[in-house]
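Engineer: Handing over start-v6.txt, compact mmCIF, C-alpha atoms.
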# COMPACT_ATOMS: atom_id res chain seq x y z
CA MET B 1 217.05 169.21 200.07
CA ALA B 2 219.22 170.44 202.89
CA GLU B 3 218.02 168.03 205.53
CA LYS B 4 221.23 167.80 207.49
CA ASN B 5 221.99 169.55 210.77
CA ILE B 6 218.35 170.12 211.51
CA SER B 7 217.98 170.63 215.24
CA MET B 8 216.02 168.07 217.28
CA ALA B 9 213.75 170.93 218.38
CA VAL B 10 212.64 171.47 214.78
CA ILE B 11 212.30 167.73 214.13
CA ARG B 12 210.10 167.31 217.20
CA ARG B 13 207.79 170.05 215.88
CA LEU B 14 207.30 168.33 212.50
CA PRO B 15 204.81 165.69 213.75
CA LYS B 16 202.69 168.53 215.09
CA TYR B 17 202.69 170.30 211.72
CA HIS B 18 201.81 166.97 210.14
CA ARG B 19 198.90 166.42 212.54
CA TYR B 20 197.42 169.91 212.09
CA LEU B 21 197.79 169.77 208.31
CA GLY B 22 196.04 166.38 208.34
CA ASP B 23 193.19 167.93 210.36
CA LEU B 24 192.96 170.76 207.79
CA LEU B 25 192.78 168.25 204.95
CA ASP B 26 189.97 166.42 206.77
CA LYS B 27 188.15 169.75 206.84
CA GLU B 28 188.89 170.22 203.12
CA VAL B 29 191.07 173.28 203.67
CA HIS B 30 193.52 173.30 200.74
CA ARG B 31 195.49 176.49 201.20
CA ILE B 32 196.75 178.30 204.30
CA SER B 33 199.02 181.22 205.16
CA SER B 34 201.73 181.00 207.80
CA LYS B 35 199.66 183.52 209.79
CA GLU B 36 196.57 181.27 209.75
CA LEU B 37 198.69 178.22 210.52
CA SER B 38 200.16 180.16 213.43
CA ASP B 39 196.67 180.88 214.81
CA ILE B 40 195.78 177.21 214.98
CA ILE B 41 199.14 175.62 215.90
CA GLY B 42 200.24 178.30 218.34
CA PHE B 43 203.79 178.75 217.01
CA THR B 44 204.55 182.24 215.64
CA ALA B 45 204.24 182.74 211.85
CA SER B 46 207.94 183.58 211.74
CA GLN B 47 208.80 180.34 213.57
CA ILE B 48 206.70 178.38 211.10
CA ARG B 49 208.39 179.96 208.07
CA GLN B 50 211.80 179.37 209.64
CA ASP B 51 211.03 175.73 210.51
CA LEU B 52 209.75 174.90 207.06
CA ASN B 53 212.60 176.74 205.33
CA ASN B 54 214.89 174.11 206.84
CA PHE B 55 213.45 171.65 204.37
CA GLY B 56 213.41 173.82 201.29
CA GLY B 57 210.59 176.29 201.97
CA PHE B 58 207.25 175.18 200.58
CA GLY B 59 205.36 178.47 200.78
CA GLN B 60 204.73 180.88 197.95
CA GLN B 61 204.66 184.62 198.54
CA GLY B 62 201.05 185.82 198.48
CA TYR B 63 199.63 182.32 198.21
CA GLY B 64 200.67 180.62 201.42
CA TYR B 65 201.05 176.87 201.69
CA ASN B 66 199.32 174.17 199.69
CA VAL B 67 198.03 172.06 202.58
CA GLU B 68 198.11 168.68 200.85
CA ALA B 69 201.56 169.19 199.31
CA LEU B 70 202.97 170.36 202.63
CA HIS B 71 201.32 167.47 204.52
CA ASN B 72 202.79 164.95 202.06
CA GLU B 73 206.19 166.57 202.06
CA ILE B 74 206.43 166.61 205.86
CA GLY B 75 205.28 162.98 205.81
CA ASN B 76 208.15 162.18 203.44
CA ILE B 77 210.62 164.08 205.61
CA LEU B 78 209.40 162.09 208.63
CA GLY B 79 209.91 158.89 206.65
CA LEU B 80 206.22 157.95 206.86
CA ASN B 81 206.34 156.66 203.27
CA LYS B 82 208.78 153.91 204.27
CA ILE B 83 207.86 150.55 205.80
CA TYR B 84 209.77 149.09 208.74
CA ASN B 85 209.23 145.68 210.29
CA ALA B 86 208.85 145.67 214.05
CA VAL B 87 208.56 143.28 216.96
CA LEU B 88 206.96 144.18 220.24
CA VAL B 89 208.60 142.77 223.36
CA GLY B 90 206.49 142.64 226.53
CA ALA B 91 202.83 141.82 225.92
CA GLY B 92 201.40 143.25 229.15
CA ASN B 93 198.78 146.01 229.28
CA LEU B 94 201.08 148.64 227.84
CA GLY B 95 202.34 146.31 225.11
CA GLN B 96 198.77 145.42 224.20
CA ALA B 97 197.80 149.09 224.10
CA ILE B 98 200.70 149.80 221.74
CA ALA B 99 199.90 146.76 219.57
CA ASN B 100 196.33 148.06 219.25
CA TYR B 101 197.53 151.52 218.38
CA ALA B 102 196.49 152.32 214.81
CA GLY B 103 199.01 155.15 214.41
CA PHE B 104 201.76 152.57 214.35
CA ARG B 105 200.88 151.16 210.96
CA LYS B 106 200.13 154.66 209.68
CA ALA B 107 203.70 155.66 210.54
CA GLY B 108 204.99 152.79 208.40
CA PHE B 109 205.76 150.39 211.24
CA GLU B 110 204.45 146.89 210.66
CA ILE B 111 204.35 144.80 213.85
CA LYS B 112 205.29 141.25 212.87
CA ALA B 113 205.10 139.55 216.28
CA LEU B 114 204.59 140.01 220.02
CA PHE B 115 207.01 138.39 222.47
CA ASP B 116 206.86 137.75 226.18
CA ALA B 117 208.99 135.86 228.68
CA ASN B 118 206.07 134.96 230.96
CA PRO B 119 204.87 131.38 230.30
CA ARG B 120 201.31 132.43 231.13
CA MET B 121 201.40 134.98 228.29
CA ILE B 122 203.07 132.79 225.67
CA GLY B 123 200.55 131.34 223.23
CA LEU B 124 197.83 133.88 224.05
CA LYS B 125 196.14 135.49 221.08
CA ILE B 126 196.30 139.32 221.14
CA ARG B 127 194.81 141.17 218.22
CA ASP B 128 196.11 139.24 215.18
CA PHE B 129 199.11 137.91 217.04
CA GLU B 130 199.96 134.85 219.03
CA VAL B 131 202.36 135.84 221.81
CA LEU B 132 205.72 134.13 221.13
CA ASP B 133 208.38 133.03 223.58
CA SER B 134 211.12 135.66 224.12
CA GLU B 135 213.64 132.81 223.89
CA ASN B 136 213.11 132.88 220.14
CA LEU B 137 213.59 136.63 219.71
CA GLU B 138 216.98 136.54 217.94
CA SER B 139 216.08 133.91 215.38
CA PHE B 140 212.77 135.63 214.58
CA VAL B 141 214.48 139.01 214.14
CA LYS B 142 217.08 137.52 211.81
CA GLU B 143 214.66 135.43 209.75
CA ASN B 144 212.06 138.18 209.29
CA ASN B 145 214.24 141.22 208.55
CA ILE B 146 213.04 143.05 211.62
CA ASP B 147 214.32 146.65 211.84
CA ILE B 148 212.69 147.87 215.02
CA ALA B 149 211.85 146.63 218.50
CA ILE B 150 209.20 148.17 220.72
CA LEU B 151 210.18 147.56 224.33
CA CYS B 152 207.32 147.36 226.82
CA ILE B 153 209.22 145.49 229.51
CA PRO B 154 210.34 146.44 233.03
CA LYS B 155 213.66 148.18 233.55
CA ASN B 156 215.39 145.15 235.04
CA GLY B 157 216.71 142.97 232.26
CA ALA B 158 215.89 145.52 229.54
CA GLN B 159 219.55 146.05 228.61
CA ASP B 160 220.05 142.27 228.19
CA VAL B 161 217.11 142.08 225.80
CA VAL B 162 218.47 145.08 223.90
CA ASP B 163 221.93 143.51 223.59
CA ARG B 164 220.35 140.37 222.13
CA LEU B 165 218.20 142.39 219.73
CA ILE B 166 221.17 144.40 218.52
CA ASN B 167 223.21 141.25 217.95
CA ALA B 168 220.33 140.01 215.84
CA GLY B 169 220.42 143.18 213.70
CA ILE B 170 217.85 145.60 215.14
CA LYS B 171 218.42 149.22 214.01
CA GLY B 172 215.88 151.10 216.09
CA ILE B 173 214.22 150.84 219.50
CA TRP B 174 211.04 152.50 220.73
CA ASN B 175 211.70 152.21 224.43
CA PHE B 176 209.04 152.36 227.13
CA ALA B 177 211.29 150.81 229.81
CA PRO B 178 212.35 153.49 232.34
CA VAL B 179 216.05 153.04 231.75
CA ASP B 180 218.72 154.65 229.57
CA LEU B 181 219.78 151.95 227.12
CA GLU B 182 223.33 151.58 225.89
CA VAL B 183 223.44 151.01 222.16
CA PRO B 184 226.21 151.15 219.58
CA LYS B 185 226.43 153.97 217.06
CA GLY B 186 224.01 153.44 214.23
CA VAL B 187 221.19 152.20 216.46
CA ILE B 188 218.44 154.72 217.20
CA VAL B 189 216.66 154.80 220.56
CA GLU B 190 213.51 156.85 221.07
CA ASN B 191 212.41 156.87 224.71
CA VAL B 192 208.92 157.32 226.08
CA ASN B 193 209.51 157.91 229.77
CA LEU B 194 206.18 158.02 231.58
CA THR B 195 207.78 158.57 235.00
CA GLU B 196 209.63 161.65 233.78
CA SER B 197 206.43 163.02 232.30
CA LEU B 198 204.50 162.31 235.50
CA PHE B 199 207.18 163.89 237.71
CA THR B 200 207.09 166.98 235.49
CA LEU B 201 203.33 167.18 236.01
CA SER B 202 203.90 166.80 239.73
CA TYR B 203 206.45 169.64 239.73
CA LEU B 204 204.21 171.98 237.73
CA MET B 205 201.20 171.20 239.97
CA LYS B 206 203.23 172.00 243.06
CA GLU B 207 204.58 175.24 241.58
CA ASN B 208 201.07 176.24 240.56
CA GLU B 209 199.52 176.05 244.01
CA MET M 1 215.07 178.53 247.70
CA ALA M 2 215.08 180.36 244.40
CA GLU M 3 212.79 177.97 242.53
CA LYS M 4 211.27 180.50 240.17
CA ASN M 5 212.18 180.99 236.52
CA ILE M 6 213.75 177.59 236.26
CA SER M 7 213.74 176.61 232.59
CA MET M 8 211.63 173.65 231.48
CA ALA M 9 214.83 172.04 230.17
CA VAL M 10 216.24 171.92 233.71
CA ILE M 11 212.95 170.73 235.17
CA ARG M 12 212.75 167.91 232.64
CA ARG M 13 216.22 166.75 233.71
CA LEU M 14 215.28 166.52 237.40
CA PRO M 15 213.38 163.21 237.13
CA LYS M 16 216.48 161.72 235.56
CA TYR M 17 218.67 162.89 238.45
CA HIS M 18 216.04 161.50 240.82
CA ARG M 19 216.06 158.12 239.08
CA TYR M 20 219.86 157.77 238.99
CA LEU M 21 220.19 158.87 242.61
CA GLY M 22 217.55 156.30 243.56
CA ASP M 23 219.55 153.61 241.73
CA LEU M 24 222.69 154.68 243.63
CA LEU M 25 220.81 154.45 246.93
CA ASP M 26 219.68 150.94 246.00
CA LYS M 27 223.37 150.09 245.52
CA GLU M 28 224.16 151.70 248.90
CA VAL M 29 226.27 154.47 247.37
CA HIS M 30 226.01 157.38 249.80
CA ARG M 31 228.32 160.00 248.38
CA ILE M 32 229.14 161.02 244.83
CA SER M 33 231.06 163.77 243.02
CA SER M 34 229.61 165.70 240.10
CA LYS M 35 232.30 164.01 237.96
CA GLU M 36 231.15 160.50 238.96
CA LEU M 37 227.50 161.51 238.53
CA SER M 38 228.43 162.82 235.09
CA ASP M 39 229.94 159.44 234.14
CA ILE M 40 226.75 157.57 234.90
CA ILE M 41 224.09 160.12 233.84
CA GLY M 42 225.88 161.36 230.75
CA PHE M 43 225.43 165.09 231.39
CA THR M 44 228.69 167.05 231.85
CA ALA M 45 229.85 167.68 235.43
CA SER M 46 229.53 171.40 234.78
CA GLN M 47 225.94 170.97 233.57
CA ILE M 48 225.13 168.97 236.70
CA ARG M 49 226.56 171.62 239.03
CA GLN M 50 224.73 174.34 237.11
CA ASP M 51 221.41 172.44 237.16
CA LEU M 52 221.57 171.73 240.88
CA ASN M 53 222.69 175.26 241.72
CA ASN M 54 219.30 176.40 240.45
CA PHE M 55 217.83 174.90 243.59
CA GLY M 56 220.35 176.11 246.09
CA GLY M 57 223.42 173.96 245.38
CA PHE M 58 223.59 170.81 247.45
CA GLY M 59 227.23 169.89 246.85
CA GLN M 60 230.12 170.55 249.16
CA GLN M 61 233.56 171.38 247.80
CA GLY M 62 235.83 168.32 248.15
CA TYR M 63 233.00 166.09 249.38
CA GLY M 64 230.58 165.93 246.49
CA TYR M 65 226.92 165.23 246.97
CA ASN M 66 225.21 163.31 249.74
CA VAL M 67 223.16 160.91 247.61
CA GLU M 68 220.25 160.43 249.99
CA ALA M 69 219.92 164.13 250.83
CA LEU M 70 220.06 165.08 247.16
CA HIS M 71 217.55 162.36 246.20
CA ASN M 72 215.13 163.56 248.89
CA GLU M 73 215.60 167.20 248.02
CA ILE M 74 214.97 166.64 244.31
CA GLY M 75 211.93 164.58 245.30
CA ASN M 76 210.67 167.55 247.31
CA ILE M 77 211.36 169.94 244.44
CA LEU M 78 209.39 167.63 242.14
CA GLY M 79 206.54 167.66 244.64
CA LEU M 80 206.75 163.89 245.20
CA ASN M 81 206.06 164.41 248.90
CA LYS M 82 202.57 165.75 248.14
CA ILE M 83 199.46 163.68 247.54
CA TYR M 84 197.05 164.45 244.71
CA ASN M 85 193.77 162.70 244.02
CA ALA M 86 193.29 161.55 240.45
CA VAL M 87 190.68 160.02 238.19
CA LEU M 88 191.51 158.07 235.07
CA VAL M 89 189.19 158.58 232.10
CA GLY M 90 189.21 155.88 229.41
CA ALA M 91 189.65 152.35 230.74
CA GLY M 92 190.94 150.72 227.53
CA ASN M 93 194.31 148.98 227.26
CA LEU M 94 196.31 152.16 227.71
CA GLY M 95 194.16 153.28 230.66
CA GLN M 96 194.55 149.88 232.28
CA ALA M 97 198.31 149.98 231.75
CA ILE M 98 198.45 153.39 233.42
CA ALA M 99 196.18 152.27 236.29
CA ASN M 100 198.55 149.34 236.88
CA TYR M 101 201.57 151.59 236.80
CA ALA M 102 203.20 151.60 240.24
CA GLY M 103 205.15 154.81 239.63
CA PHE M 104 201.90 156.70 239.79
CA ARG M 105 201.35 156.21 243.51
CA LYS M 106 205.08 156.71 244.12
CA ALA M 107 204.79 160.15 242.52
CA GLY M 108 202.03 161.01 245.00
CA PHE M 109 199.10 160.51 242.65
CA GLU M 110 196.29 158.46 244.15
CA ILE M 111 193.87 157.14 241.54
CA LYS M 112 190.40 157.25 243.06
CA ALA M 113 188.35 155.91 240.17
CA LEU M 114 188.34 154.78 236.54
CA PHE M 115 185.70 156.10 234.16
CA ASP M 116 184.56 155.00 230.73
CA ALA M 117 181.73 155.97 228.38
CA ASN M 118 181.43 152.50 226.82
CA PRO M 119 178.52 150.53 228.40
CA ARG M 120 180.49 147.31 227.93
CA MET M 121 183.30 148.68 230.14
CA ILE M 122 181.13 150.20 232.86
CA GLY M 123 180.94 147.95 235.91
CA LEU M 124 184.03 145.90 234.99
CA LYS M 125 186.53 145.37 237.78
CA ILE M 126 190.06 146.56 236.89
CA ARG M 127 192.71 146.27 239.56
CA ASP M 128 190.97 147.61 242.69
CA PHE M 129 188.51 149.66 240.71
CA GLU M 130 185.08 149.22 239.29
CA VAL M 131 184.82 151.17 236.05
CA LEU M 132 182.31 153.99 236.55
CA ASP M 133 180.07 155.69 234.00
CA SER M 134 181.61 158.86 232.51
CA GLU M 135 178.20 160.49 232.92
CA ASN M 136 179.03 160.81 236.62
CA LEU M 137 182.46 162.36 236.16
CA GLU M 138 181.62 165.88 237.35
CA SER M 139 179.82 164.86 240.53
CA PHE M 140 182.59 162.40 241.44
CA VAL M 141 185.30 165.02 240.90
CA LYS M 142 183.46 167.55 243.06
CA GLU M 143 182.56 165.14 245.87
CA ASN M 144 186.00 163.54 246.14
CA ASN M 145 188.30 166.55 245.87
CA ILE M 146 189.93 165.28 242.69
CA ASP M 147 192.87 167.40 241.54
CA ILE M 148 194.03 165.54 238.45
CA ALA M 149 192.59 163.69 235.50
CA ILE M 150 194.49 161.15 233.42
CA LEU M 151 193.05 161.16 229.92
CA CYS M 152 193.36 157.89 228.01
CA ILE M 153 190.59 158.60 225.51
CA PRO M 154 190.59 159.19 221.75
CA LYS M 155 191.14 162.65 220.38
CA ASN M 156 187.51 163.15 219.28
CA GLY M 157 185.52 164.38 222.23
CA ALA M 158 188.58 164.86 224.44
CA GLN M 159 188.11 168.64 224.65
CA ASP M 160 184.48 168.19 225.78
CA VAL M 161 185.57 165.87 228.58
CA VAL M 162 188.27 168.35 229.57
CA ASP M 163 185.77 171.25 229.66
CA ARG M 164 183.54 169.21 231.99
CA LEU M 165 186.48 168.23 234.20
CA ILE M 166 187.64 171.82 234.49
CA ASN M 167 184.15 173.02 235.38
CA ALA M 168 184.19 170.42 238.13
CA GLY M 169 187.47 171.80 239.53
CA ILE M 170 190.31 169.74 238.01
CA LYS M 171 193.71 171.50 238.25
CA GLY M 172 195.94 169.18 236.23
CA ILE M 173 195.66 166.85 233.26
CA TRP M 174 197.99 164.05 232.22
CA ASN M 175 196.95 163.83 228.60
CA PHE M 176 197.47 160.80 226.38
CA ALA M 177 194.91 161.92 223.78
CA PRO M 178 196.71 163.10 220.62
CA VAL M 179 195.25 166.58 220.70
CA ASP M 180 196.29 169.99 222.05
CA LEU M 181 193.82 170.77 224.81
CA GLU M 182 192.57 174.25 225.53
CA VAL M 183 192.57 174.99 229.24
CA PRO M 184 192.28 178.17 231.27
CA LYS M 185 195.26 179.67 233.06
CA GLY M 186 195.93 177.85 236.29
CA VAL M 187 195.28 174.39 234.84
CA ILE M 188 198.38 172.34 234.02
CA VAL M 189 198.47 169.99 231.04
CA GLU M 190 201.28 167.47 230.59
CA ASN M 191 201.06 165.70 227.25
CA VAL M 192 202.35 162.25 226.38
CA ASN M 193 202.16 162.18 222.60
CA LEU M 194 202.97 158.69 221.33
CA THR M 195 202.49 159.62 217.68
CA GLU M 196 205.00 162.45 217.91
CA SER M 197 207.49 160.12 219.55
CA LEU M 198 206.93 157.46 216.91
CA PHE M 199 207.26 159.93 214.03
CA THR M 200 210.53 161.15 215.54
CA LEU M 201 211.79 157.56 215.58
CA SER M 202 210.68 157.20 211.97
CA TYR M 203 212.57 160.37 210.97
CA LEU M 204 215.76 159.32 212.76
CA MET M 205 215.61 155.81 211.26
CA LYS M 206 215.27 157.28 207.77
CA GLU M 207 218.12 159.76 208.32
CA ASN M 208 220.29 156.94 209.64
CA GLU M 209 220.04 154.71 206.57
Kindly return the structure encoded in the file as structure tokens.
Structural biologist:
Amino acid sequence: MAEKNISMAVIRRLPKYHRYLGDLLDKEVHRISSKELSDIIGFTASQIRQDLNNFGGFGQQGYGYNVEALHNEIGNILGLNKIYNAVLVGAGNLGQAIANYAGFRKAGFEIKALFDANPRMIGLKIRDFEVLDSENLESFVKENNIDIAILCIPKNGAQDVVDRLINAGIKGIWNFAPVDLEVPKGVIVENVNLTESLFTLSYLMKENE
Amino acid sequence: MAEKNISMAVIRRLPKYHRYLGDLLDKEVHRISSKELSDIIGFTASQIRQDLNNFGGFGQQGYGYNVEALHNEIGNILGLNKIYNAVLVGAGNLGQAIANYAGFRKAGFEIKALFDANPRMIGLKIRDFEVLDSENLESFVKENNIDIAILCIPKNGAQDVVDRLINAGIKGIWNFAPVDLEVPKGVIVENVNLTESLFTLSYLMKENE
């Protein structure tokens, strides 16, 4: 399939298709036209056809889309059929919320350990994990074939932790620290920036008055 | 100032300008050229000038930008000088992480209460708040001039809560529930969709192999 040169805008819409198709499956809907899909997702039917054509075009003229096949195929495109090993660094409230988040395993990410630098956190039991000492991050990453780190730490010191993780072989970072990380080519960073989201809400509220 | 018809792409870059300018202020840098700003933010100098021109153009030929003035002005554009009253609904790990999040007050959002529907949560003390019963959401919102709700609840039932909040007069929603909310015109929704972010990471990891 021609998966190359897909724009980030299209890629960021795929999880939404995946979610809506999953909801349809839950409701035992097995077949849907781009027009019907448009009504529930809110993208235009033409946008939907164009997006999905990027990946080979799953629809059949006069039939529409097979919901289950399309759901599976988008899952494959998103890499949800692969398993990655992850560590979570920073076991505060946000880290605990993420560790408890069921969608993580569903997306193929298997959290292998939680780490924290705070002596009062180390040794605590959170979910199925004992919180480990951040000092031992590198050796754990190397010994357990960890691919991904989830960063739930403050901005100060985040780059140092990232440098250590990358030296140890990490290939991807899900970053909740409000800082732009510097990483070498070949390492993926996906940021969740709550401040930027909040400031956007603030702007839109102000404009709306 | 001509603040209308600014694209969402520009608006979503403003918090980043605000953050970098704040960092510069912390380092006592008082003046900066678009070229220097470009080196640290990573946008092109031309993009920076174009973005900031949307709001009146703060730079002076041959001088560059006054860091503090620009930081303040972007803060004003983002509405950070205004105060909004907020309630947080869903006092689980994620809700607690958000309630503890200092950036919230800094952005002018004052959390007035935490609510939960779970009897085991109601009455608990979290930070400065006692968790209140979600049953009393509407009356609290009306009596305390609440503008904003932060939703940290599961997807099932989220729309019902939102309908009740809107009936009670809420004007903005910071939504962490993985669902597209239906709201009337005049109500702002800003979504933080962790699943979509995670699936994007998954896709990029797979593509990168």
Engineer: Considering all atoms listed in the file, give me a table of residues in chain M that are at most 6 Å from chain B, with the closest atom pair and distance in Å for each, as a Markdown table.
Structural biologist:
| residue | atom | partner | partner_atom | distance |
| --- | --- | --- | --- | --- |
| M:Pro15 | CA | B:Glu196 | CA | 5.3 |
| M:Leu78 | CA | B:Tyr203 | CA | 4.3 |
| M:Gly79 | CA | B:Tyr203 | CA | 5.3 |
| M:Asn93 | CA | B:Ala97 | CA | 4.7 |
| M:Leu94 | CA | B:Ala97 | CA | 5.0 |
| M:Ala97 | CA | B:Asn93 | CA | 4.7 |
| M:Glu190 | CA | B:Leu201 | CA | 5.8 |
| M:Glu196 | CA | B:Pro15 | CA | 5.3 |
| M:Leu201 | CA | B:Glu190 | CA | 5.8 |
| M:Ser202 | CA | B:Gly79 | CA | 5.6 |
| M:Tyr203 | CA | B:Leu78 | CA | 4.3 |
| M:Lys206 | CA | B:Gly79 | CA | 5.7 |
Engineer: Might I get the box with edges along x, y and z of the file that holds all atoms of stretch 31-42 of chain B listed there, padded by 8 Å on every side, given as centre and edge lengths in Å to one decimal, as JSON?
Structural biologist:
{"center_x": 198.6, "center_y": 179.6, "center_z": 209.8, "size_x": 22.2, "size_y": 23.9, "size_z": 33.1}
Engineer: Rounded to one decimal, what separation in Å do you get between atom CA of B:Lys142 and atom CA of B:Ala168?
Structural biologist: 5.7 Å
Engineer: Could you work out how far atom CA of B:Asn85 lies from atom CA of B:Asn145, giving the answer in Å with one decimal?
Structural biologist: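 If I compute the distance from atom CA of B:Asn145 to atom CA of B:Asn85, I get 6.9 Å.
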Engineer: Extract, using all atoms listed in the file, all DNA, RNA and protein residues at most 8 Å from stretch 111-123 of chain B, discarding same-chain residues fewer than 5 positions from it, and format them as a VMD selection string.
Structural biologist: chain B and resid 85 to 91 99 105 129 to 135 137
Engineer: Please, could you write that set of residues out with C-alpha atoms as a PDB file, keeping the file's coordinate frame?
Structural biologist:
ATOM      1  CA  ASN B  85     209.230 145.680 210.290  1.00  0.00           C
ATOM      2  CA  ALA B  86     208.850 145.670 214.050  1.00  0.00           C
ATOM      3  CA  VAL B  87     208.560 143.280 216.960  1.00  0.00           C
ATOM      4  CA  LEU B  88     206.960 144.180 220.240  1.00  0.00           C
ATOM      5  CA  VAL B  89     208.600 142.770 223.360  1.00  0.00           C
ATOM      6  CA  GLY B  90     206.490 142.640 226.530  1.00  0.00           C
ATOM      7  CA  ALA B  91     202.830 141.820 225.920  1.00  0.00           C
ATOM      8  CA  ALA B  99     199.900 146.760 219.570  1.00  0.00           C
ATOM      9  CA  ARG B 105     200.880 151.160 210.960  1.00  0.00           C
ATOM     10  CA  PHE B 129     199.110 137.910 217.040  1.00  0.00           C
ATOM     11  CA  GLU B 130     199.960 134.850 219.030  1.00  0.00           C
ATOM     12  CA  VAL B 131     202.360 135.840 221.810  1.00  0.00           C
ATOM     13  CA  LEU B 132     205.720 134.130 221.130  1.00  0.00           C
ATOM     14  CA  ASP B 133     208.380 133.030 223.580  1.00  0.00           C
ATOM     15  CA  SER B 134     211.120 135.660 224.120  1.00  0.00           C
ATOM     16  CA  GLU B 135     213.640 132.810 223.890  1.00  0.00           C
ATOM     17  CA  LEU B 137     213.590 136.630 219.710  1.00  0.00           C
TER      18      LEU B 137
END
Engineer: So the first atom is atom CA of B:Ala45 and the second is atom CA of B:Ser7; what is the distance between them in Å, to one decimal place?
Structural biologist: 18.6 Å
Engineer: Pick the closest to B:Leu25 from B:Glu110, B:Glu73, B:Asp163, B:Glu68: which is it, counting only C-alpha atoms?
Structural biologist: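 Closest residue, counting only C-alpha atoms: B:Glu68.
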Engineer: Which residues come within 8 Å of M:Leu181, counting all atoms listed in the file, excluding same-chain residues fewer than 3 positions away, as number ranges by chain?
Structural biologist: M: 158-159, 162, 189
Engineer: For M:Leu37, which residue among M:Ile6, M:Leu21, M:Val161, M:Ile166 is the nearest when counting only C-alpha atoms?
Structural biologist: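 Going through M:Ile6, M:Leu21, M:Val161, M:Ile166 one by one, the smallest distance to M:Leu37 is for M:Leu21.
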Engineer: Using all atoms listed in the file, which residue out of M:Val10, M:Ala177, M:Ile150, M:Leu124 lies closest to M:Ile74?
Structural biologist: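 Using all atoms listed in the file, the shortest distance to M:Ile74 belongs to M:Val10.
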Engineer: Would you fill the gaps in stretch 159-171 of chain M so it has N, CA and C atoms, then print it as a PDB file, in the frame of the given file?
Structural biologist:
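Generated output (selection-v5.pdb):
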ATOM      1  N   GLN M 159     188.266 167.268 224.146  1.00  0.00           N
ATOM      2  CA  GLN M 159     188.110 168.640 224.650  1.00  0.00           C
ATOM      3  C   GLN M 159     186.822 168.782 225.463  1.00  0.00           C
ATOM      4  N   ASP M 160     185.736 168.136 225.028  1.00  0.00           N
ATOM      5  CA  ASP M 160     184.480 168.190 225.780  1.00  0.00           C
ATOM      6  C   ASP M 160     184.662 167.637 227.193  1.00  0.00           C
ATOM      7  N   VAL M 161     185.328 166.477 227.268  1.00  0.00           N
ATOM      8  CA  VAL M 161     185.570 165.870 228.580  1.00  0.00           C
ATOM      9  C   VAL M 161     186.388 166.817 229.448  1.00  0.00           C
ATOM     10  N   VAL M 162     187.392 167.427 228.836  1.00  0.00           N
ATOM     11  CA  VAL M 162     188.270 168.350 229.570  1.00  0.00           C
ATOM     12  C   VAL M 162     187.471 169.556 230.073  1.00  0.00           C
ATOM     13  N   ASP M 163     186.598 170.107 229.236  1.00  0.00           N
ATOM     14  CA  ASP M 163     185.770 171.250 229.660  1.00  0.00           C
ATOM     15  C   ASP M 163     184.938 170.868 230.893  1.00  0.00           C
ATOM     16  N   ARG M 164     184.353 169.666 230.854  1.00  0.00           N
ATOM     17  CA  ARG M 164     183.540 169.210 231.990  1.00  0.00           C
ATOM     18  C   ARG M 164     184.402 169.034 233.239  1.00  0.00           C
ATOM     19  N   LEU M 165     185.587 168.456 233.068  1.00  0.00           N
ATOM     20  CA  LEU M 165     186.480 168.230 234.200  1.00  0.00           C
ATOM     21  C   LEU M 165     186.896 169.558 234.831  1.00  0.00           C
ATOM     22  N   ILE M 166     187.181 170.531 233.977  1.00  0.00           N
ATOM     23  CA  ILE M 166     187.640 171.820 234.490  1.00  0.00           C
ATOM     24  C   ILE M 166     186.502 172.544 235.222  1.00  0.00           C
ATOM     25  N   ASN M 167     185.305 172.456 234.668  1.00  0.00           N
ATOM     26  CA  ASN M 167     184.150 173.020 235.380  1.00  0.00           C
ATOM     27  C   ASN M 167     183.978 172.390 236.755  1.00  0.00           C
ATOM     28  N   ALA M 168     184.343 171.131 236.864  1.00  0.00           N
ATOM     29  CA  ALA M 168     184.190 170.420 238.130  1.00  0.00           C
ATOM     30  C   ALA M 168     185.351 170.680 239.093  1.00  0.00           C
ATOM     31  N   GLY M 169     186.414 171.383 238.607  1.00  0.00           N
ATOM     32  CA  GLY M 169     187.470 171.800 239.530  1.00  0.00           C
ATOM     33  C   GLY M 169     188.835 171.160 239.349  1.00  0.00           C
ATOM     34  N   ILE M 170     189.010 170.387 238.281  1.00  0.00           N
ATOM     35  CA  ILE M 170     190.310 169.740 238.010  1.00  0.00           C
ATOM     36  C   ILE M 170     191.407 170.794 237.810  1.00  0.00           C
ATOM     37  N   LYS M 171     192.605 170.538 238.355  1.00  0.00           N
ATOM     38  CA  LYS M 171     193.710 171.500 238.250  1.00  0.00           C
ATOM     39  C   LYS M 171     194.872 171.009 237.390  1.00  0.00           C
TER      40      LYS M 171
END
